[in-house]
$ cat start_28.cif   # mmCIF, C-alpha atoms
data_model
#
loop_
_atom_site.group_PDB
_atom_site.id
_atom_site.type_symbol
_atom_site.label_atom_id
_atom_site.label_comp_id
_atom_site.auth_asym_id
_atom_site.auth_seq_id
_atom_site.Cartn_x
_atom_site.Cartn_y
_atom_site.Cartn_z
ATOM 1 C CA MET A 1061 43.107 -106.490 -37.646
ATOM 2 C CA ARG A 1062 40.757 -109.187 -38.960
ATOM 3 C CA LEU A 1063 40.710 -109.147 -42.757
ATOM 4 C CA LEU A 1064 38.315 -111.159 -44.880
ATOM 5 C CA PHE A 1065 39.068 -111.758 -48.557
ATOM 6 C CA SER A 1066 36.358 -112.953 -50.917
ATOM 7 C CA CYS A 1067 37.617 -113.810 -54.376
ATOM 8 C CA SER A 1068 35.774 -114.547 -57.617
ATOM 9 C CA GLU A 1069 36.843 -117.739 -59.342
ATOM 10 C CA LEU A 1070 35.937 -116.598 -62.878
ATOM 11 C CA GLY A 1071 39.337 -117.057 -64.461
ATOM 12 C CA LEU A 1072 42.431 -116.882 -62.281
ATOM 13 C CA GLY A 1073 43.079 -113.139 -62.556
ATOM 14 C CA HIS A 1074 41.232 -112.414 -59.305
ATOM 15 C CA VAL A 1075 43.162 -114.901 -57.194
ATOM 16 C CA SER A 1076 46.457 -113.899 -58.822
ATOM 17 C CA ARG A 1077 45.874 -110.388 -57.416
ATOM 18 C CA ILE A 1078 44.711 -111.535 -53.990
ATOM 19 C CA VAL A 1079 47.693 -113.812 -53.279
ATOM 20 C CA PRO A 1080 50.472 -111.156 -53.439
ATOM 21 C CA LEU A 1081 48.279 -108.581 -51.671
ATOM 22 C CA ALA A 1082 47.534 -110.991 -48.830
ATOM 23 C CA LYS A 1083 51.200 -112.051 -48.619
ATOM 24 C CA ARG A 1084 52.149 -108.416 -48.091
ATOM 25 C CA LEU A 1085 49.457 -107.895 -45.449
ATOM 26 C CA GLU A 1086 50.433 -111.151 -43.753
ATOM 27 C CA GLN A 1087 53.810 -109.603 -42.938
ATOM 28 C CA HIS A 1088 52.001 -107.064 -40.749
ATOM 29 C CA LYS A 1089 50.495 -109.842 -38.593
ATOM 30 C CA HIS A 1090 46.887 -109.320 -39.648
ATOM 31 C CA GLU A 1091 44.466 -112.178 -39.020
ATOM 32 C CA MET A 1092 43.172 -113.226 -42.439
ATOM 33 C CA PHE A 1093 40.315 -115.347 -43.765
ATOM 34 C CA PHE A 1094 39.714 -116.345 -47.396
ATOM 35 C CA PHE A 1095 36.639 -117.428 -49.360
ATOM 36 C CA SER A 1096 36.433 -118.686 -52.927
ATOM 37 C CA GLY A 1097 35.469 -121.673 -55.049
ATOM 38 C CA GLY A 1098 36.850 -123.787 -57.877
ATOM 39 C CA LYS A 1099 40.540 -123.575 -58.744
ATOM 40 C CA ALA A 1100 40.898 -120.232 -56.972
ATOM 41 C CA TYR A 1101 40.001 -121.979 -53.706
ATOM 42 C CA GLU A 1102 42.667 -124.627 -54.356
ATOM 43 C CA ILE A 1103 45.334 -121.958 -54.975
ATOM 44 C CA LEU A 1104 44.418 -120.049 -51.822
ATOM 45 C CA LYS A 1105 44.406 -123.287 -49.823
ATOM 46 C CA ARG A 1106 48.003 -123.960 -50.855
ATOM 47 C CA GLU A 1107 49.144 -120.471 -49.864
ATOM 48 C CA PHE A 1108 47.252 -119.644 -46.665
ATOM 49 C CA LYS A 1109 45.416 -121.025 -43.668
ATOM 50 C CA ASN A 1110 41.811 -120.090 -42.815
ATOM 51 C CA VAL A 1111 40.639 -120.750 -46.388
ATOM 52 C CA TYR A 1112 36.981 -121.676 -46.857
ATOM 53 C CA ARG A 1113 35.160 -123.056 -49.861
ATOM 54 C CA CYS A 1114 32.007 -121.376 -51.115
ATOM 55 C CA THR A 1115 29.755 -122.131 -54.071
ATOM 56 C CA PRO A 1116 31.503 -121.066 -57.292
ATOM 57 C CA ILE A 1117 29.698 -118.895 -59.830
ATOM 58 C CA SER A 1118 30.626 -119.518 -63.447
ATOM 59 C CA TRP A 1119 29.534 -118.644 -66.959
ATOM 60 C CA TYR A 1120 28.555 -121.280 -69.487
ATOM 61 C CA GLU A 1121 31.697 -121.743 -71.560
ATOM 62 C CA ASN A 1122 33.728 -124.187 -73.600
ATOM 63 C CA ALA A 1123 37.367 -124.364 -74.736
ATOM 64 C CA HIS A 1124 36.790 -121.324 -76.985
ATOM 65 C CA GLY A 1125 35.407 -119.074 -74.260
ATOM 66 C CA ILE A 1126 32.046 -117.880 -72.926
ATOM 67 C CA ILE A 1127 28.961 -118.835 -74.966
ATOM 68 C CA THR A 1128 26.800 -115.734 -74.581
ATOM 69 C CA SER A 1129 23.405 -117.147 -75.621
ATOM 70 C CA ALA A 1130 23.801 -120.232 -73.425
ATOM 71 C CA SER A 1131 25.016 -118.087 -70.514
ATOM 72 C CA LEU A 1132 21.855 -115.976 -70.727
ATOM 73 C CA LEU A 1133 19.705 -119.123 -70.615
ATOM 74 C CA ASN A 1134 21.830 -120.456 -67.781
ATOM 75 C CA LEU A 1135 20.895 -117.457 -65.657
ATOM 76 C CA PHE A 1136 17.626 -119.276 -64.963
ATOM 77 C CA PHE A 1137 17.959 -122.867 -66.206
ATOM 78 C CA PRO A 1138 20.490 -125.678 -65.684
ATOM 79 C CA LEU A 1139 22.163 -126.722 -68.938
ATOM 80 C CA PRO A 1140 24.150 -129.774 -70.060
ATOM 81 C CA LEU A 1141 27.876 -129.144 -70.252
ATOM 82 C CA PHE A 1142 30.764 -131.338 -71.386
ATOM 83 C CA ASN A 1143 33.442 -131.731 -68.728
ATOM 84 C CA PRO A 1144 36.811 -132.470 -70.408
ATOM 85 C CA GLU A 1145 38.370 -133.519 -67.094
ATOM 86 C CA SER A 1146 35.914 -136.374 -66.583
ATOM 87 C CA ASN A 1147 35.262 -136.802 -70.337
ATOM 88 C CA SER A 1148 31.522 -136.794 -69.740
ATOM 89 C CA PHE A 1149 28.431 -134.603 -69.844
ATOM 90 C CA GLU A 1150 27.047 -133.095 -66.661
ATOM 91 C CA PHE A 1151 24.460 -130.471 -65.790
ATOM 92 C CA LYS A 1152 25.671 -127.007 -64.877
ATOM 93 C CA LYS A 1153 23.417 -125.439 -62.269
ATOM 94 C CA SER A 1154 21.845 -122.080 -63.079
ATOM 95 C CA ASN A 1155 23.658 -118.853 -62.204
ATOM 96 C CA THR A 1156 20.728 -117.920 -59.999
ATOM 97 C CA TRP A 1157 21.136 -121.134 -57.978
ATOM 98 C CA GLU A 1158 24.894 -120.580 -57.724
ATOM 99 C CA THR A 1159 24.471 -116.952 -56.637
ATOM 100 C CA ILE A 1160 21.922 -117.741 -53.929
ATOM 101 C CA HIS A 1161 24.006 -120.563 -52.486
ATOM 102 C CA ARG A 1162 27.184 -118.483 -52.543
ATOM 103 C CA TYR A 1163 25.398 -115.677 -50.706
ATOM 104 C CA TYR A 1164 24.353 -118.023 -47.906
ATOM 105 C CA ASP A 1165 27.782 -119.697 -47.776
ATOM 106 C CA LEU A 1166 29.332 -116.274 -47.203
ATOM 107 C CA ARG A 1167 26.619 -114.993 -44.885
ATOM 108 C CA GLU A 1168 27.071 -117.798 -42.377
ATOM 109 C CA ASN A 1169 30.827 -117.308 -42.170
ATOM 110 C CA ILE A 1170 31.148 -113.527 -42.427
ATOM 111 C CA HIS A 1171 28.753 -113.041 -39.538
ATOM 112 C CA SER A 1172 30.714 -115.404 -37.278
ATOM 113 C CA ILE A 1173 34.139 -114.000 -38.252
ATOM 114 C CA ALA A 1174 33.061 -110.354 -37.830
ATOM 115 C CA PRO A 1175 35.948 -108.880 -39.864
ATOM 116 C CA ASP A 1176 37.251 -105.351 -39.415
ATOM 117 C CA LEU A 1177 37.629 -105.019 -43.191
ATOM 118 C CA LEU A 1178 36.263 -106.996 -46.134
ATOM 119 C CA ILE A 1179 38.258 -107.097 -49.378
ATOM 120 C CA ALA A 1180 36.288 -108.387 -52.371
ATOM 121 C CA ASP A 1181 37.923 -109.079 -55.718
ATOM 122 C CA GLY A 1182 35.045 -109.335 -58.175
ATOM 123 C CA ASP A 1183 32.601 -110.769 -55.614
ATOM 124 C CA ILE A 1184 29.413 -108.707 -55.341
ATOM 125 C CA ASN A 1185 27.820 -111.130 -52.863
ATOM 126 C CA ALA A 1186 30.488 -110.206 -50.327
ATOM 127 C CA LEU A 1187 29.799 -106.488 -50.883
ATOM 128 C CA ARG A 1188 26.089 -107.051 -50.270
ATOM 129 C CA LEU A 1189 26.876 -108.616 -46.913
ATOM 130 C CA ALA A 1190 29.374 -105.883 -46.036
ATOM 131 C CA SER A 1191 26.639 -103.350 -46.745
ATOM 132 C CA ARG A 1192 24.098 -105.246 -44.661
ATOM 133 C CA TRP A 1193 26.333 -105.510 -41.602
ATOM 134 C CA LYS A 1194 28.099 -102.156 -41.992
ATOM 135 C CA ILE A 1195 31.536 -103.718 -42.517
ATOM 136 C CA PRO A 1196 34.084 -101.394 -44.182
ATOM 137 C CA SER A 1197 34.929 -102.801 -47.597
ATOM 138 C CA VAL A 1198 37.381 -102.502 -50.465
ATOM 139 C CA TYR A 1199 36.379 -103.603 -53.963
ATOM 140 C CA ILE A 1200 38.979 -104.714 -56.507
ATOM 141 C CA ALA A 1201 37.730 -104.775 -60.099
ATOM 142 C CA ASN A 1202 38.263 -103.354 -63.566
ATOM 143 C CA MET A 1203 34.591 -103.690 -64.491
ATOM 144 C CA ILE A 1204 31.813 -101.602 -62.946
ATOM 145 C CA ARG A 1205 29.549 -100.584 -65.815
ATOM 146 C CA PRO A 1206 30.415 -102.853 -68.785
ATOM 147 C CA SER A 1207 27.373 -101.757 -70.819
ATOM 148 C CA TYR A 1208 28.751 -98.193 -71.013
ATOM 149 C CA GLY A 1209 27.893 -97.109 -74.558
ATOM 150 C CA PHE A 1210 26.127 -100.408 -75.322
ATOM 151 C CA SER A 1211 22.743 -102.031 -74.749
ATOM 152 C CA ALA A 1212 20.471 -100.621 -72.061
ATOM 153 C CA LEU A 1213 19.294 -104.185 -71.334
ATOM 154 C CA LEU A 1214 22.203 -104.562 -68.918
ATOM 155 C CA SER A 1215 21.389 -101.355 -67.039
ATOM 156 C CA PRO A 1216 19.011 -102.680 -64.322
ATOM 157 C CA GLY A 1217 21.514 -105.309 -63.181
ATOM 158 C CA GLU A 1218 24.352 -102.817 -63.248
ATOM 159 C CA ARG A 1219 22.446 -100.288 -61.152
ATOM 160 C CA PHE A 1220 21.696 -103.015 -58.621
ATOM 161 C CA ILE A 1221 25.410 -103.821 -58.369
ATOM 162 C CA GLU A 1222 26.440 -100.157 -58.247
ATOM 163 C CA ARG A 1223 24.454 -99.521 -55.071
ATOM 164 C CA TYR A 1224 26.860 -101.847 -53.231
ATOM 165 C CA VAL A 1225 29.977 -100.619 -55.010
ATOM 166 C CA LYS A 1226 29.133 -97.043 -53.974
ATOM 167 C CA GLN A 1227 29.185 -98.046 -50.310
ATOM 168 C CA CYS A 1228 32.803 -99.266 -50.473
ATOM 169 C CA SER A 1229 35.463 -97.267 -48.685
ATOM 170 C CA LYS A 1230 37.842 -97.714 -51.616
ATOM 171 C CA ILE A 1231 37.678 -99.102 -55.166
ATOM 172 C CA ILE A 1232 40.940 -100.418 -56.552
ATOM 173 C CA ILE A 1233 41.261 -100.745 -60.329
ATOM 174 C CA PRO A 1234 44.233 -102.947 -61.254
ATOM 175 C CA ASP A 1235 45.051 -101.092 -64.445
ATOM 176 C CA ASN A 1236 46.449 -97.835 -65.774
ATOM 177 C CA PRO A 1237 44.121 -94.830 -65.583
ATOM 178 C CA PRO A 1238 42.309 -93.616 -68.731
ATOM 179 C CA PRO A 1239 43.150 -92.802 -71.467
ATOM 180 C CA TYR A 1240 46.010 -95.305 -71.222
ATOM 181 C CA THR A 1241 43.832 -98.381 -70.746
ATOM 182 C CA ILE A 1242 40.949 -100.189 -72.394
ATOM 183 C CA SER A 1243 39.323 -100.772 -68.988
ATOM 184 C CA GLU A 1244 37.696 -97.321 -69.225
ATOM 185 C CA TYR A 1245 35.060 -98.981 -71.443
ATOM 186 C CA ASN A 1246 34.196 -101.367 -68.606
ATOM 187 C CA LEU A 1247 34.091 -98.693 -65.932
ATOM 188 C CA GLY A 1248 31.631 -96.131 -67.262
ATOM 189 C CA ASN A 1249 31.718 -92.519 -66.142
ATOM 190 C CA LEU A 1250 33.045 -92.751 -62.589
ATOM 191 C CA ASP A 1251 32.338 -89.086 -61.914
ATOM 192 C CA ASP A 1252 28.662 -89.466 -62.881
ATOM 193 C CA MET A 1253 28.405 -92.487 -60.581
ATOM 194 C CA GLY A 1254 29.938 -90.524 -57.714
ATOM 195 C CA LEU A 1255 32.898 -92.895 -57.462
ATOM 196 C CA GLU A 1256 35.764 -90.745 -58.728
ATOM 197 C CA ASN A 1257 37.065 -89.865 -55.256
ATOM 198 C CA LYS A 1258 37.012 -93.501 -54.119
ATOM 199 C CA VAL A 1259 38.891 -94.956 -57.085
ATOM 200 C CA GLU A 1260 42.585 -95.701 -57.182
ATOM 201 C CA HIS A 1261 44.382 -97.208 -60.193
ATOM 202 C CA VAL A 1262 47.287 -99.483 -59.313
#
$ encode --input "start_28.cif" --output "structure tokens"
Amino acid sequence: MRLLFSCSELGLGHVSRIVPLAKRLEQHKHEMFFFSGGKAYEILKREFKNVYRCTPISWYENAHGIITSASLLNLFFPLPLFNPESNSFEFKKSNTWETIHRYYDLRENIHSIAPDLLIADGDINALRLASRWKIPSVYIANMIRPSYGFSALLSPGERFIERYVKQCSKIIIPDNPPPYTISEYNLGNLDDMGLENKVEHV
């Protein structure tokens, strides 16, 4: 079976889930391909073959975490950012630019690989392509509707994302089921979204 993994590089939680999962599947002789950017790409490259770099998508952040106001501006505009590794300022490209380029990075490769199953950990671009080409998909995430109970300003973007999440064969939530977890506040009402029967907490 040809398996394609697409992994978000926002933090290292996504790749830390993908590595042990893929190691287990590797024992069953599946043919596997991996896509990610940033440090997640470097980790995957050390662990597996058939690892491909794609444009990373990142929030505007500093040593203290994500800067919300700057991240909202960065959706549309490049912003200066201090890079502690090079000890210099550089321009961070807009999230829109990053998203478009990641989509095309994935599109070119997914079409040529023609996987039997696509496994996306936090990567909506991969789900969009799975939907377009009717590839069965599994989505790993503990965040589906983060505005649940909060501002309606986030709703249009969330509904756009949900249309692709709903087409997944399975949704894996790496956490305890409610009410024993805080992730319920990031998930929304799964029953109302029609996802309850697809969700599995692990």
$ closest_residue --input "start_28.cif" --among "A:Glu1222, A:Asp1181, A:Asp1165, A:Glu1069" --to "Ile1103 (chain A)" --atoms "all atoms listed in the file"
A:Glu1069
$ closest_atom_pairs --input "start_28.cif" --of "region 1114-1233 of chain A" --to "region 1074-1096 of chain A" --cutoff "10 Å" --atoms "all atoms listed in the file" --output "CSV"
residue,atom,partner,partner_atom,distance
A:Cys1114,CA,A:Ser1096,CA,5.5
A:Thr1115,CA,A:Ser1096,CA,7.6
A:Pro1116,CA,A:Ser1096,CA,7.0
A:Ile1117,CA,A:Ser1096,CA,9.6
A:Arg1162,CA,A:Ser1096,CA,9.3
A:Asp1165,CA,A:Phe1095,CA,9.3
A:Leu1166,CA,A:Phe1095,CA,7.7
A:Asn1169,CA,A:Phe1095,CA,9.2
A:Ile1170,CA,A:Phe1093,CA,9.4
A:Ile1173,CA,A:Phe1093,CA,8.4
A:Pro1175,CA,A:Phe1093,CA,8.7
A:Asp1176,CA,A:Glu1091,CA,9.9
A:Leu1177,CA,A:Met1092,CA,9.9
A:Leu1178,CA,A:Phe1093,CA,9.6
A:Ile1179,CA,A:Ile1078,CA,9.1
A:Ala1180,CA,A:Ile1078,CA,9.1
A:Asp1181,CA,A:His1074,CA,5.9
A:Gly1182,CA,A:His1074,CA,7.0
A:Asp1183,CA,A:Ser1096,CA,9.2
A:Ala1186,CA,A:Phe1095,CA,9.5
A:Ile1200,CA,A:His1074,CA,8.5
A:Ala1201,CA,A:His1074,CA,8.4
$ atom_distance --input "start_28.cif" --atom1 "CA of Trp1119 (chain A)" --atom2 "CA of Leu1187 (chain A)"
20.2 Å
$ residues_around --input "start_28.cif" --residues "Cys1228 (chain A)" --least-positions-apart "3" --cutoff "12 Å" --atoms "all atoms listed in the file" --output "ChimeraX atom specification"
/A:1177-1180,1184,1186-1191,1194-1200,1221-1225,1231-1232,1254-1255,1257-1259
$ write_last_selection --input "start_28.cif" --atoms "C-alpha atoms" --output "PDB file, keeping the file's coordinate frame"
ATOM      1  CA  LEU A1177      37.629-105.019 -43.191  1.00  0.00           C
ATOM      2  CA  LEU A1178      36.263-106.996 -46.134  1.00  0.00           C
ATOM      3  CA  ILE A1179      38.258-107.097 -49.378  1.00  0.00           C
ATOM      4  CA  ALA A1180      36.288-108.387 -52.371  1.00  0.00           C
ATOM      5  CA  ILE A1184      29.413-108.707 -55.341  1.00  0.00           C
ATOM      6  CA  ALA A1186      30.488-110.206 -50.327  1.00  0.00           C
ATOM      7  CA  LEU A1187      29.799-106.488 -50.883  1.00  0.00           C
ATOM      8  CA  ARG A1188      26.089-107.051 -50.270  1.00  0.00           C
ATOM      9  CA  LEU A1189      26.876-108.616 -46.913  1.00  0.00           C
ATOM     10  CA  ALA A1190      29.374-105.883 -46.036  1.00  0.00           C
ATOM     11  CA  SER A1191      26.639-103.350 -46.745  1.00  0.00           C
ATOM     12  CA  LYS A1194      28.099-102.156 -41.992  1.00  0.00           C
ATOM     13  CA  ILE A1195      31.536-103.718 -42.517  1.00  0.00           C
ATOM     14  CA  PRO A1196      34.084-101.394 -44.182  1.00  0.00           C
ATOM     15  CA  SER A1197      34.929-102.801 -47.597  1.00  0.00           C
ATOM     16  CA  VAL A1198      37.381-102.502 -50.465  1.00  0.00           C
ATOM     17  CA  TYR A1199      36.379-103.603 -53.963  1.00  0.00           C
ATOM     18  CA  ILE A1200      38.979-104.714 -56.507  1.00  0.00           C
ATOM     19  CA  ILE A1221      25.410-103.821 -58.369  1.00  0.00           C
ATOM     20  CA  GLU A1222      26.440-100.157 -58.247  1.00  0.00           C
ATOM     21  CA  ARG A1223      24.454 -99.521 -55.071  1.00  0.00           C
ATOM     22  CA  TYR A1224      26.860-101.847 -53.231  1.00  0.00           C
ATOM     23  CA  VAL A1225      29.977-100.619 -55.010  1.00  0.00           C
ATOM     24  CA  ILE A1231      37.678 -99.102 -55.166  1.00  0.00           C
ATOM     25  CA  ILE A1232      40.940-100.418 -56.552  1.00  0.00           C
ATOM     26  CA  GLY A1254      29.938 -90.524 -57.714  1.00  0.00           C
ATOM     27  CA  LEU A1255      32.898 -92.895 -57.462  1.00  0.00           C
ATOM     28  CA  ASN A1257      37.065 -89.865 -55.256  1.00  0.00           C
ATOM     29  CA  LYS A1258      37.012 -93.501 -54.119  1.00  0.00           C
ATOM     30  CA  VAL A1259      38.891 -94.956 -57.085  1.00  0.00           C
TER      31      VAL A1259
END
$ closest_residue --input "start_28.cif" --among "A:Trp1157, A:Tyr1240, A:Tyr1120, A:Tyr1163" --to "Pro1140 (chain A)" --atoms "all atoms listed in the file"
A:Tyr1120
$ atom_distance --input "start_28.cif" --atom1 "CA of Arg1113 (chain A)" --atom2 "CA of Lys1152 (chain A)"
18.2 Å
$ atom_distance --input "start_28.cif" --atom1 "CA of Ser1148 (chain A)" --atom2 "CA of Ser1118 (chain A)"
18.4 Å
$ resolve_selection --input "start_28.cif" --expression "the PyMOL selection byres ((chain A and resi 1131) around 10)" --output "compact mmCIF listing (two decimals) with C-alpha atoms, keeping the file's coordinate frame"
# COMPACT_ATOMS: atom_id res chain seq x y z
CA SER A 1118 30.63 -119.52 -63.45
CA TRP A 1119 29.53 -118.64 -66.96
CA TYR A 1120 28.56 -121.28 -69.49
CA GLU A 1121 31.70 -121.74 -71.56
CA ILE A 1126 32.05 -117.88 -72.93
CA ILE A 1127 28.96 -118.84 -74.97
CA THR A 1128 26.80 -115.73 -74.58
CA SER A 1129 23.40 -117.15 -75.62
CA ALA A 1130 23.80 -120.23 -73.42
CA LEU A 1132 21.86 -115.98 -70.73
CA LEU A 1133 19.70 -119.12 -70.61
CA ASN A 1134 21.83 -120.46 -67.78
CA LEU A 1135 20.90 -117.46 -65.66
CA PHE A 1136 17.63 -119.28 -64.96
CA PHE A 1137 17.96 -122.87 -66.21
CA LEU A 1139 22.16 -126.72 -68.94
CA SER A 1154 21.84 -122.08 -63.08
CA ASN A 1155 23.66 -118.85 -62.20
$ closest_residue --input "start_28.cif" --among "A:Pro1138, A:Ser1172, A:Gly1098, A:Ile1233" --to "Thr1156 (chain A)" --atoms "only C-alpha atoms"
A:Pro1138
